[in-house]
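**Student:** Mind looking over this structure? Questions follow.
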Amino acid sequence: EDQVTQSPEALRLQEGESSSLNCSYTVSGLRGLFWYRQDPGKGPEFLFTLYSAGEEKEKERLKATLTKKESFLHITAPKPEDSATYLCAVHGGGSNYKLTFGKGTLLTVNP
Amino acid sequence: DAGVIQSPRHEVTEMGQEVTLRCKPISGHDYLFWYRQTMMRGLELLIYFNNNVPIDDSGMPEDRFSAKMPNASFSTLKIQPSEPRDSAVYFCASSPFRGTGELFFGEGSRLTVL
């Protein structure tokens with residue numbers, strides 16, 4: 001069974017203070033790793049897809065990287081509007097299209 | 001496009017009552033997913049459909065839960081009878097392509113069973 005563990009559970013940063021979120025995964029045949037952002041009272045919003053170790057994707061202040069065991073979401077010089085819960089998900093091997101999500105990291109960026 | 005539309009946004013009901021949650025996916029999307037989110041367990045996949053056909057319902061907790069997709073523009077998730085442990089936020093999501101991982105989520109239906 002696919003497993004996703006995210007750390008830390010919560011992270012509080014000052015505006016401009018860069019940091020990283022971690023997503024460790026166990027999956028049989030990784031077909032894709034995905035990052036989502038979720039604002040309070042909203043559904044998750046897709047950010048990135050990573051398919052293979054060494055791949056990187058960037059969007060504004062966010063950069064996602066992937067190794068064979070984990071993924072990092074690097075946040076450079078964050079702003080208060082980056083405050084949200086960041087979710088990691090994996091799509092493992094097999095014929096179905098089941099995404100397994102981690103419990104997320106709640107990021108708070110103080111001005 | 002209006003995005004994935006779910007109703008109701010909030011539902012409060014008594015234990016034992018039937019609950020029906022509704023979802024309208026984005027037009028043209030072939031995949032539809034029902035997820036449940038709680039603090040303890042996070043986001044869990046309940047069931048997903050491809051071209052209106054249920055593909056994987058292994059996440060449906062028990063026989064009290066059922067889901068249908070009578071056509072490409074409508075799906076329901078029914079709980080009968082409801083129990084307090086069913087209290088959660090239920091999300092519907094749709095996706096145009098398999099494998100990209102880009103799911104478009106609705107805003108969710110918050111269910112409270114008293």
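How things are named: the first chain in the structure tokens is A, the next is B, and so on; residues count from 1 in each chain; ligands count from 1 in the order shown.
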How close does each residue of chain A get to chain B, giving the shortest atom pair and distance in Å to one decimal for every residue with an atom at most 8 Å away, counting only C-alpha atoms, sorted by chain and residue number, as a Markdown table?

**Tutor:**
```
| residue | atom | partner | partner_atom | distance |
| --- | --- | --- | --- | --- |
| A:Arg31 | CA | B:Gly99 | CA | 7.3 |
| A:Gly32 | CA | B:Gly101 | CA | 7.2 |
| A:Leu33 | CA | B:Gly101 | CA | 7.8 |
| A:Phe34 | CA | B:Gly101 | CA | 6.3 |
| A:Gly41 | CA | B:Glu107 | CA | 7.1 |
| A:Lys42 | CA | B:Glu107 | CA | 4.8 |
| A:Gly43 | CA | B:Glu107 | CA | 4.7 |
| A:Pro44 | CA | B:Phe105 | CA | 6.1 |
| A:Glu45 | CA | B:Phe104 | CA | 6.9 |
| A:Phe46 | CA | B:Glu102 | CA | 5.9 |
| A:Thr49 | CA | B:Gly101 | CA | 6.7 |
| A:His91 | CA | B:Gly101 | CA | 7.5 |
| A:Asn96 | CA | B:Asp56 | CA | 7.4 |
| A:Tyr97 | CA | B:Arg98 | CA | 6.6 |
| A:Lys98 | CA | B:Leu45 | CA | 7.4 |
| A:Leu99 | CA | B:Gly101 | CA | 7.5 |
| A:Thr100 | CA | B:Glu44 | CA | 7.3 |
| A:Phe101 | CA | B:Leu43 | CA | 6.0 |
| A:Gly102 | CA | B:Gly42 | CA | 6.8 |
| A:Lys103 | CA | B:Gly42 | CA | 4.7 |
| A:Gly104 | CA | B:Gly42 | CA | 7.8 |
```

**Student:** I'd like the neighbourhood of Ser73 in chain B as a list in words, where a residue qualifies if any of its atoms comes within 6 Å (using only C-alpha atoms), though same-chain residues fewer than 2 positions away should be ignored.

**Tutor:**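 Result of the neighbour search: Lys24, Pro25 and Asn71 of chain B.
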
**Student:** Quick one: pull the distance between CA of Met15 in chain B and CA of Ser66 in chain B, Å, one decimal.

**Tutor:** 17.1 Å

**Student:** Could you name the residues that touch Glu56 in chain A at 7 Å or less, counting only C-alpha atoms, but leaving out those on the same chain fewer than 3 positions away, as a PyMOL selection string?

**Tutor:** chain A and resi 63-66

**Student:** Would you mind exporting N, CA, C and O atoms of the selected residues as a PDB file, in the first residue's frame?

**Tutor:**
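See part28.pdb below for the written result:
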```pdb
ATOM      1  N   LYS A  63       9.569  25.895  -5.297  1.00  0.00           N
ATOM      2  CA  LYS A  63      10.305  24.959  -6.139  1.00  0.00           C
ATOM      3  C   LYS A  63      10.178  23.583  -5.534  1.00  0.00           C
ATOM      4  O   LYS A  63      10.464  23.385  -4.351  1.00  0.00           O
ATOM      5  N   ALA A  64       9.751  22.619  -6.361  1.00  0.00           N
ATOM      6  CA  ALA A  64       9.602  21.235  -5.911  1.00  0.00           C
ATOM      7  C   ALA A  64      10.698  20.386  -6.523  1.00  0.00           C
ATOM      8  O   ALA A  64      11.018  20.524  -7.705  1.00  0.00           O
ATOM      9  N   THR A  65      11.271  19.502  -5.695  1.00  0.00           N
ATOM     10  CA  THR A  65      12.316  18.595  -6.148  1.00  0.00           C
ATOM     11  C   THR A  65      11.948  17.171  -5.749  1.00  0.00           C
ATOM     12  O   THR A  65      11.148  16.953  -4.835  1.00  0.00           O
ATOM     13  N   LEU A  66      12.572  16.210  -6.434  1.00  0.00           N
ATOM     14  CA  LEU A  66      12.215  14.805  -6.195  1.00  0.00           C
ATOM     15  C   LEU A  66      13.456  13.930  -6.171  1.00  0.00           C
ATOM     16  O   LEU A  66      14.339  14.062  -7.033  1.00  0.00           O
TER      17      LEU A  66
END
```

**Student:** What does the distance between CA of Pro54 in chain B and CA of Leu77 in chain B come to in Å, to one decimal place?

**Tutor:**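 Interatomic distance here is 12.3 Å.
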
**Student:** CA of Cys23 in chain B to CA of Lys78 in chain B: how many Å, to one decimal?

**Tutor:**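 Atom-to-atom, CA of Cys23 in chain B to CA of Lys78 in chain B, that is 11.6 Å.
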
**Student:** Give the answer as one residue: which of A:Glu55, A:Glu9, A:Asp39, A:Glu81 has the shortest atom-to-atom distance to Cys23 in chain A, using only C-alpha atoms?

**Tutor:**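 For Cys23 in chain A, the nearest of the given residues is A:Glu9.
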
**Student:** List the spatial neighbours of Gly29 in chain A as a PyMOL selection string - criterion: any atom at most 8 Å away, only C-alpha atoms, same-chain residues fewer than 2 positions off excluded.

**Tutor:** chain A and resi 27+31+92-93

**Student:** Quick one: residues within 12 Å of Ser27 in chain B, only C-alpha atoms, excluding same-chain residues fewer than 5 positions away - as an NGL selection string?

**Tutor:** :B and (1-5 or 32 or 51 or 71-74 or 94-96 or 104)

**Student:** Smallest atom-to-atom distance to Gly16 in chain A: which of A:Glu60, A:Ile75, A:Glu70, A:Thr85, using only C-alpha atoms?

**Tutor:**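 Of the candidates, the smallest distance to Gly16 in chain A is held by A:Ile75.
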
**Student:** Going by DSSP on the backbone, which bits of chain B are strand (DSSP E or B)? Write them as a PyMOL selection string, please.

**Tutor:** chain B and resi 5-7+10-13+19-24+31-38+42-50+53-56+65-71+74-79+88-95+104-105+109-113

**Student:** Contacts of Glu83 in chain B at 10 Å or less, counting only C-alpha atoms, minus same-chain residues fewer than 5 places along, as a list in words?

**Tutor:** Thr13, Glu14, Met15, Gly16, Gln17, Glu18, Arg64, Thr112, Val113 and Leu114 of chain B

**Student:** Taking N, CA and C atoms for each residue, export the selection above as a compact mmCIF listing (two decimals), in the first residue's frame.

**Tutor:**
```txt
# COMPACT_ATOMS: atom_id res chain seq x y z
N THR B 13 -27.09 16.80 10.16
CA THR B 13 -28.17 15.82 10.19
C THR B 13 -28.09 14.98 11.46
N GLU B 14 -29.13 14.27 11.71
CA GLU B 14 -29.19 13.39 12.87
C GLU B 14 -28.72 12.00 12.48
N MET B 15 -28.10 11.32 13.43
CA MET B 15 -27.69 9.94 13.21
C MET B 15 -28.87 9.11 12.70
N GLY B 16 -28.60 8.29 11.69
CA GLY B 16 -29.64 7.43 11.14
C GLY B 16 -30.30 7.98 9.89
N GLN B 17 -30.11 9.28 9.65
CA GLN B 17 -30.73 9.89 8.48
C GLN B 17 -29.91 9.60 7.23
N GLU B 18 -30.59 9.69 6.08
CA GLU B 18 -29.91 9.55 4.79
C GLU B 18 -29.32 10.88 4.36
N ARG B 64 -22.89 1.19 3.92
CA ARG B 64 -23.74 2.37 4.13
C ARG B 64 -23.45 3.46 3.09
N THR B 112 -21.90 17.15 9.11
CA THR B 112 -21.89 16.94 10.56
C THR B 112 -23.06 16.03 10.89
N VAL B 113 -22.78 14.89 11.50
CA VAL B 113 -23.82 13.96 11.92
C VAL B 113 -23.89 13.96 13.44
N LEU B 114 -25.01 14.37 13.97
CA LEU B 114 -25.18 14.51 15.42
C LEU B 114 -25.68 13.21 16.06
```
